[in-house]
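> Contents of entry_33.txt (compact mmCIF, C-alpha atoms):
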# COMPACT_ATOMS: atom_id res chain seq x y z
CA MET A 1 -90.79 159.39 50.03
CA LYS A 2 -88.87 158.92 53.25
CA ARG A 3 -89.27 155.76 55.08
CA GLY A 4 -89.58 156.10 58.83
CA ILE A 5 -87.68 154.01 61.28
CA GLU A 6 -89.75 151.15 62.23
CA LYS A 7 -90.06 150.46 65.91
CA PRO A 8 -89.62 146.85 66.86
CA ASP A 9 -92.78 145.14 67.79
CA MET A 10 -92.19 143.67 71.24
CA ARG A 11 -95.11 141.44 70.66
CA LYS A 12 -93.16 139.54 67.99
CA ASN A 13 -90.73 138.38 70.69
CA ILE A 14 -93.55 136.97 72.78
CA LYS A 15 -94.03 133.31 72.14
CA ASN A 16 -97.49 132.09 72.41
CA SER A 17 -97.79 129.15 74.71
CA GLY A 18 -101.38 128.62 73.83
CA ASN A 19 -102.74 128.90 77.34
CA GLY A 20 -103.55 132.64 77.29
CA LYS A 21 -101.17 133.51 80.17
CA ASP A 22 -98.06 134.58 78.29
CA SER A 23 -98.45 138.27 79.15
CA GLU A 24 -98.20 137.45 82.86
CA LEU A 25 -94.98 135.42 82.53
CA ILE A 26 -92.87 138.11 80.82
CA PRO A 27 -92.29 141.24 83.04
CA ASP A 28 -92.80 144.76 81.82
CA PRO A 29 -89.50 146.17 80.45
CA LYS A 30 -90.23 149.67 81.78
CA LYS A 31 -90.75 148.33 85.29
CA MET A 32 -87.55 146.31 85.02
CA MET A 33 -85.57 149.41 84.08
CA GLN A 34 -87.11 151.42 86.93
CA ASP A 35 -86.28 148.69 89.45
CA LEU A 36 -82.76 148.40 88.12
CA LYS A 37 -82.17 152.13 88.37
CA LYS A 38 -83.62 152.17 91.88
CA ASN A 39 -81.34 149.34 93.02
CA ILE A 40 -78.34 151.10 91.48
CA ARG A 41 -79.24 154.34 93.34
CA LEU A 42 -79.65 152.47 96.61
CA LYS A 43 -76.31 150.71 96.17
CA LYS A 44 -74.59 153.96 95.23
CA SER A 45 -76.23 155.79 98.14
CA GLY A 46 -75.25 153.10 100.68
CA SER A 47 -71.70 152.89 99.37
CA LYS A 48 -71.26 156.66 99.49
CA LYS A 49 -72.40 156.82 103.12
CA ASP A 50 -70.03 154.01 104.10
CA ILE A 51 -67.11 155.68 102.34
CA THR A 52 -67.93 159.02 103.91
CA ARG A 53 -68.14 157.41 107.33
CA GLU A 54 -64.83 155.61 106.85
CA LEU A 55 -63.19 158.84 105.74
CA GLU A 56 -64.54 160.64 108.79
CA VAL A 57 -63.25 157.87 111.08
CA GLU A 58 -59.83 157.94 109.44
CA GLU A 59 -59.75 161.72 109.74
CA LEU A 60 -60.68 161.56 113.42
CA GLU A 61 -58.09 158.86 114.06
CA GLY A 62 -55.48 161.03 112.35
CA GLU A 63 -56.45 164.03 114.46
CA ILE A 64 -56.33 161.91 117.62
CA GLU A 65 -52.85 160.68 116.70
CA VAL A 66 -51.71 164.25 116.08
CA LEU A 67 -53.15 165.32 119.44
CA ARG A 68 -51.36 162.43 121.14
CA ASP A 69 -48.06 163.49 119.60
CA GLU A 70 -48.67 167.09 120.66
CA LEU A 71 -49.56 165.93 124.17
CA LYS A 72 -46.29 163.99 124.37
CA GLU A 73 -44.38 167.08 123.29
CA TYR A 74 -46.18 169.26 125.84
CA LYS A 75 -45.52 166.65 128.52
CA LYS A 76 -41.85 166.60 127.60
CA VAL A 77 -41.68 170.41 127.75
CA GLU A 78 -43.55 170.39 131.07
CA ASP A 79 -41.11 167.85 132.55
CA GLU A 80 -38.19 169.97 131.39
CA TYR A 81 -39.65 173.09 133.01
CA VAL A 82 -40.45 171.23 136.23
CA ASP A 83 -36.92 169.83 136.35
CA ARG A 84 -35.48 173.29 135.69
CA ILE A 85 -37.64 174.80 138.43
CA LYS A 86 -36.51 172.11 140.87
CA ARG A 87 -32.86 172.79 140.06
CA LEU A 88 -33.38 176.53 140.44
CA GLN A 89 -35.15 175.97 143.75
CA ALA A 90 -32.32 173.76 144.99
CA ASP A 91 -29.72 176.30 143.85
CA TYR A 92 -31.63 179.09 145.57
CA ASP A 93 -31.93 177.10 148.81
CA ASN A 94 -28.20 176.35 148.76
CA TYR A 95 -27.42 179.98 148.02
CA ARG A 96 -29.73 181.17 150.83
CA LYS A 97 -28.22 178.73 153.35
CA ARG A 98 -24.69 179.63 152.28
CA THR A 99 -25.47 183.36 152.49
CA ILE A 100 -27.01 183.02 155.94
CA LYS A 101 -24.06 180.96 157.13
CA GLU A 102 -21.56 183.47 155.74
CA HIS A 103 -23.52 186.32 157.30
CA LEU A 104 -23.56 184.64 160.70
CA GLU A 105 -19.86 183.85 160.45
CA HIS A 106 -19.17 187.47 159.55
CA ILE A 107 -21.13 188.61 162.61
CA LYS A 108 -19.28 186.14 164.81
CA ARG A 109 -15.92 187.30 163.51
CA ALA A 110 -16.90 190.92 164.10
CA ASN A 111 -18.08 190.06 167.62
CA LYS A 112 -14.93 188.05 168.16
CA ASP A 113 -12.73 191.03 167.31
CA LEU A 114 -14.81 193.35 169.46
CA ILE A 115 -14.92 190.97 172.44
CA SER A 116 -11.20 190.29 172.14
CA ASN A 117 -10.62 193.95 172.95
CA PHE A 118 -12.70 193.60 176.11
CA LEU A 119 -10.88 190.57 177.47
CA PRO A 120 -7.80 192.43 178.79
CA ILE A 121 -10.16 194.75 180.68
CA ILE A 122 -11.92 191.73 182.19
CA ASP A 123 -8.51 190.29 183.12
CA ASN A 124 -7.66 193.55 184.93
CA PHE A 125 -10.95 193.46 186.79
CA GLU A 126 -10.30 189.88 187.88
CA MET A 127 -6.78 190.71 189.09
CA ALA A 128 -8.09 193.74 190.99
CA LEU A 129 -10.81 191.67 192.64
CA ALA A 130 -8.36 188.91 193.54
CA ALA A 131 -5.92 191.40 195.04
CA SER A 132 -8.67 193.13 197.00
CA LYS A 133 -9.87 189.80 198.37
CA GLU A 134 -6.37 188.91 199.50
CA LEU A 135 -6.20 192.21 201.34
CA ASP A 136 -9.53 191.37 202.97
CA GLY A 137 -11.26 194.19 201.14
CA SER A 138 -14.20 192.12 199.92
CA LYS A 139 -16.50 194.05 202.27
CA ASP A 140 -15.27 197.44 201.03
CA GLU A 141 -17.63 199.58 198.94
CA PHE A 142 -14.97 200.06 196.28
CA TYR A 143 -14.66 196.30 195.93
CA LYS A 144 -18.42 195.97 195.64
CA GLY A 145 -18.52 198.60 192.90
CA VAL A 146 -15.75 196.92 190.91
CA LYS A 147 -17.43 193.56 191.38
CA MET A 148 -20.72 194.97 190.07
CA ILE A 149 -19.03 196.34 186.92
CA TYR A 150 -17.28 193.02 186.42
CA ASP A 151 -20.55 191.11 186.75
CA ASN A 152 -22.20 193.45 184.23
CA LEU A 153 -19.44 192.77 181.73
CA LEU A 154 -19.83 189.03 182.16
CA GLU A 155 -23.59 189.34 181.69
CA LEU A 156 -23.03 191.28 178.48
CA LEU A 157 -20.70 188.58 177.17
CA LYS A 158 -23.21 185.92 178.11
CA LYS A 159 -25.89 187.62 176.01
CA GLU A 160 -23.51 187.39 173.03
CA ASN A 161 -23.16 183.62 173.58
CA VAL A 162 -19.65 184.05 174.95
CA THR A 163 -18.60 181.23 177.27
CA VAL A 164 -15.52 180.65 179.40
CA ILE A 165 -13.40 177.66 178.42
CA GLU A 166 -13.27 175.19 181.32
CA PRO A 167 -10.56 172.60 180.53
CA VAL A 168 -9.43 171.67 184.07
CA GLY A 169 -9.51 167.91 184.62
CA LYS A 170 -9.97 167.26 180.90
CA GLU A 171 -7.50 166.09 178.29
CA PHE A 172 -5.45 168.89 176.80
CA ASP A 173 -7.05 170.13 173.57
CA PRO A 174 -4.71 172.28 171.43
CA ARG A 175 -7.68 173.77 169.62
CA ILE A 176 -8.87 175.64 172.71
CA CYS A 177 -5.82 175.61 175.00
CA GLU A 178 -2.19 176.69 175.07
CA ALA A 179 0.19 174.76 177.30
CA ALA A 180 2.45 177.22 179.13
CA VAL A 181 3.66 175.01 181.99
CA THR A 182 3.91 171.27 182.60
CA GLU A 183 4.02 169.43 185.90
CA ALA A 184 4.24 165.78 186.86
CA VAL A 185 1.47 164.69 189.21
CA ASP A 186 1.30 161.06 190.29
CA ASP A 187 -2.44 160.61 190.65
CA ILE A 188 -3.34 162.62 187.49
CA GLU A 189 -3.37 161.10 184.03
CA GLU A 190 -0.73 162.45 181.72
CA GLY A 191 -2.03 165.07 179.30
CA SER A 192 -4.71 166.33 181.66
CA VAL A 193 -5.12 170.05 182.31
CA LEU A 194 -4.14 170.89 185.89
CA GLU A 195 -4.75 174.60 186.13
CA ILE A 196 -5.90 177.66 184.17
CA LEU A 197 -3.28 180.39 184.10
CA ARG A 198 -5.34 182.70 181.92
CA LYS A 199 -9.00 182.28 181.03
CA GLY A 200 -10.03 181.42 177.52
CA TYR A 201 -13.26 182.42 175.83
CA MET A 202 -15.41 181.10 172.96
CA ILE A 203 -18.38 182.44 171.01
CA ASP A 204 -20.38 179.47 169.78
CA ASP A 205 -17.75 177.37 167.91
CA PHE A 206 -15.25 180.22 167.48
CA VAL A 207 -12.35 180.46 169.87
CA ILE A 208 -11.94 184.12 170.81
CA ARG A 209 -8.92 183.45 172.95
CA PRO A 210 -7.49 180.07 173.94
CA ALA A 211 -7.01 179.27 177.60
CA VAL A 212 -3.43 179.29 178.87
CA VAL A 213 -3.05 176.21 181.08
CA LYS A 214 -0.73 173.97 183.07
CA VAL A 215 -0.61 170.36 181.80
CA CYS A 216 0.31 167.17 183.56
CA LYS A 217 3.36 165.53 182.01
CA LYS A 218 5.14 162.47 183.41
CA ASN A 219 8.92 162.33 183.45
Would you put the structure from the file into C-alpha cells?

Amino acid sequence: MKRGIEKPDMRKNIKNSGNGKDSELIPDPKKMMQDLKKNIRLKKSGSKKDITRELEVEELEGEIEVLRDELKEYKKVEDEYVDRIKRLQADYDNYRKRTIKEHLEHIKRANKDLISNFLPIIDNFEMALAASKELDGSKDEFYKGVKMIYDNLLELLKKENVTVIEPVGKEFDPRICEAAVTEAVDDIEEGSVLEILRKGYMIDDFVIRPAVVKVCKKN
C-alpha cells in the first residue's frame, strides 16, 4: 500500500498566543505571493520602459550627431563650390575685359592705319588752301569747293575721335612730337615748342602721326 505525500499542515506553524487573534497576525501566504509577483512585474515594467526610453534617446542623439557631421560636410562642399564659382566669375570678368580691350585696340590700330593713308591727302588740301589764300583766291568758287571737301574730311576724322596734336607753347614731348629744327629765342623757355612744321594726329591715346615741330634751344 502506497503512502501518499503528506502535505504540511500550515496550522502547525501557527503558535497560539491564547488571545484568539493569531489568524489576523500572520498574513495569507497566497496573498503574499500575489503581491510579490505584482511588485516584480511593476518593477520589471518600469525598468523596461526606462531602458527603452534611454535607448531611444541615445539613438536620436547618435542620429543628430551623424546629421551634424553630414551638415558640416555639405557646408564644406558648398563653400568649395561657392569659392570655385567666385574664381570662375573673376576669371570670366578678367577675360571679358581683356577681350574688349584687345578688340578696341585692334579697331584703333585698324583705324590708325586707315587714317594714316588719309593724312597726306589732308596735307595736300591744306597746302592748296594756303597757296590759294596767298594768291588772294579765298573768294574763288574753286577755293570754296576745296575748303568744303577739306572741312568734310576733318569732320569725318572728328567722328573717329581723331584729334590734332597742339604742342605749341608746351614742353617738347618726344612721344607725340619730332624735333626737326631748333632755334634760340630769348623770351621762350628752352625745350618749348615754337612752331608746327607738319601737323600730328592722335586717335584716343594712339599717336597716328607725330607732329614735326621747331623747338627752342639755347646756345
> Would you work out the distance separating CA of Pro167 in chain A from CA of Ile196 in chain A, expressed in Å to one decimal?
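Separation of CA of Pro167 in chain A and CA of Ile196 in chain A: 7.8 Å.
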> Give me the residues within 10 Å of Glu171 in chain A as a list in words, counting all atoms listed in the file and dropping any in the same chain fewer than 4 places off.
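These residues fall inside the cut-off: Pro167, Glu189, Glu190, Gly191, Ser192, Val193, Leu194, Val215 and Cys216 of chain A.
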> CA of Glu73 in chain A to CA of Asp91 in chain A: how many Å, to one decimal?
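Going from CA of Glu73 in chain A over to CA of Asp91 in chain A covers 26.9 Å.
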> What would the list of residues within 10 Å of (4.3, 171.4, 184.5) (file frame) look like as a ChimeraX atom specification, if all atoms listed in the file are what count?
/A:179-185,193-195,213-218
> Which protein, DNA or RNA residues are at most 9 Å from (-7.9, 177.8, 178.8) in the file's coordinates when you count only C-alpha atoms, listed as a VMD selection string?
chain A and resid 164 to 168 176 to 179 193 195 to 201 209 to 213
> Keeping only C-alpha atoms, write the selected residues to a file as a tab-separated table (two decimals), in the frame of the given file.

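Output (out_29.tsv):
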chain	number	residue	atom	x	y	z
A	164	VAL	CA	-15.52	180.65	179.40
A	165	ILE	CA	-13.40	177.66	178.42
A	166	GLU	CA	-13.27	175.19	181.32
A	167	PRO	CA	-10.56	172.60	180.53
A	168	VAL	CA	-9.43	171.67	184.07
A	176	ILE	CA	-8.87	175.64	172.71
A	177	CYS	CA	-5.82	175.61	175.00
A	178	GLU	CA	-2.19	176.69	175.07
A	179	ALA	CA	0.19	174.76	177.30
A	193	VAL	CA	-5.12	170.05	182.31
A	195	GLU	CA	-4.75	174.60	186.13
A	196	ILE	CA	-5.90	177.66	184.17
A	197	LEU	CA	-3.28	180.39	184.10
A	198	ARG	CA	-5.34	182.70	181.92
A	199	LYS	CA	-9.00	182.28	181.03
A	200	GLY	CA	-10.03	181.42	177.52
A	201	TYR	CA	-13.26	182.42	175.83
A	209	ARG	CA	-8.92	183.45	172.95
A	210	PRO	CA	-7.49	180.07	173.94
A	211	ALA	CA	-7.01	179.27	177.60
A	212	VAL	CA	-3.43	179.29	178.87
A	213	VAL	CA	-3.05	176.21	181.08
> Return the single residue from A:Ile122, A:Leu157, A:Leu88, A:Ala128 that is closest to Lys144 in chain A, with distances computed using all atoms listed in the file.
A:Ala128
> Give me, please, the distance in Å between CA of His103 in chain A and CA of Leu119 in chain A, quoted to one decimal.
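Going from CA of His103 in chain A over to CA of Leu119 in chain A, I get 24.2 Å.
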> Let me know the centre plus edge lengths, in Å and rounded to one decimal, of a box with edges along x, y and z that contains all listed atoms of range 160-164 of chain A and is padded by 4 Å on every side, as AutoDock Vina command-line options.

--center_x -19.5 --center_y 184.0 --center_z 176.2 --size_x 16.0 --size_y 14.7 --size_z 14.4
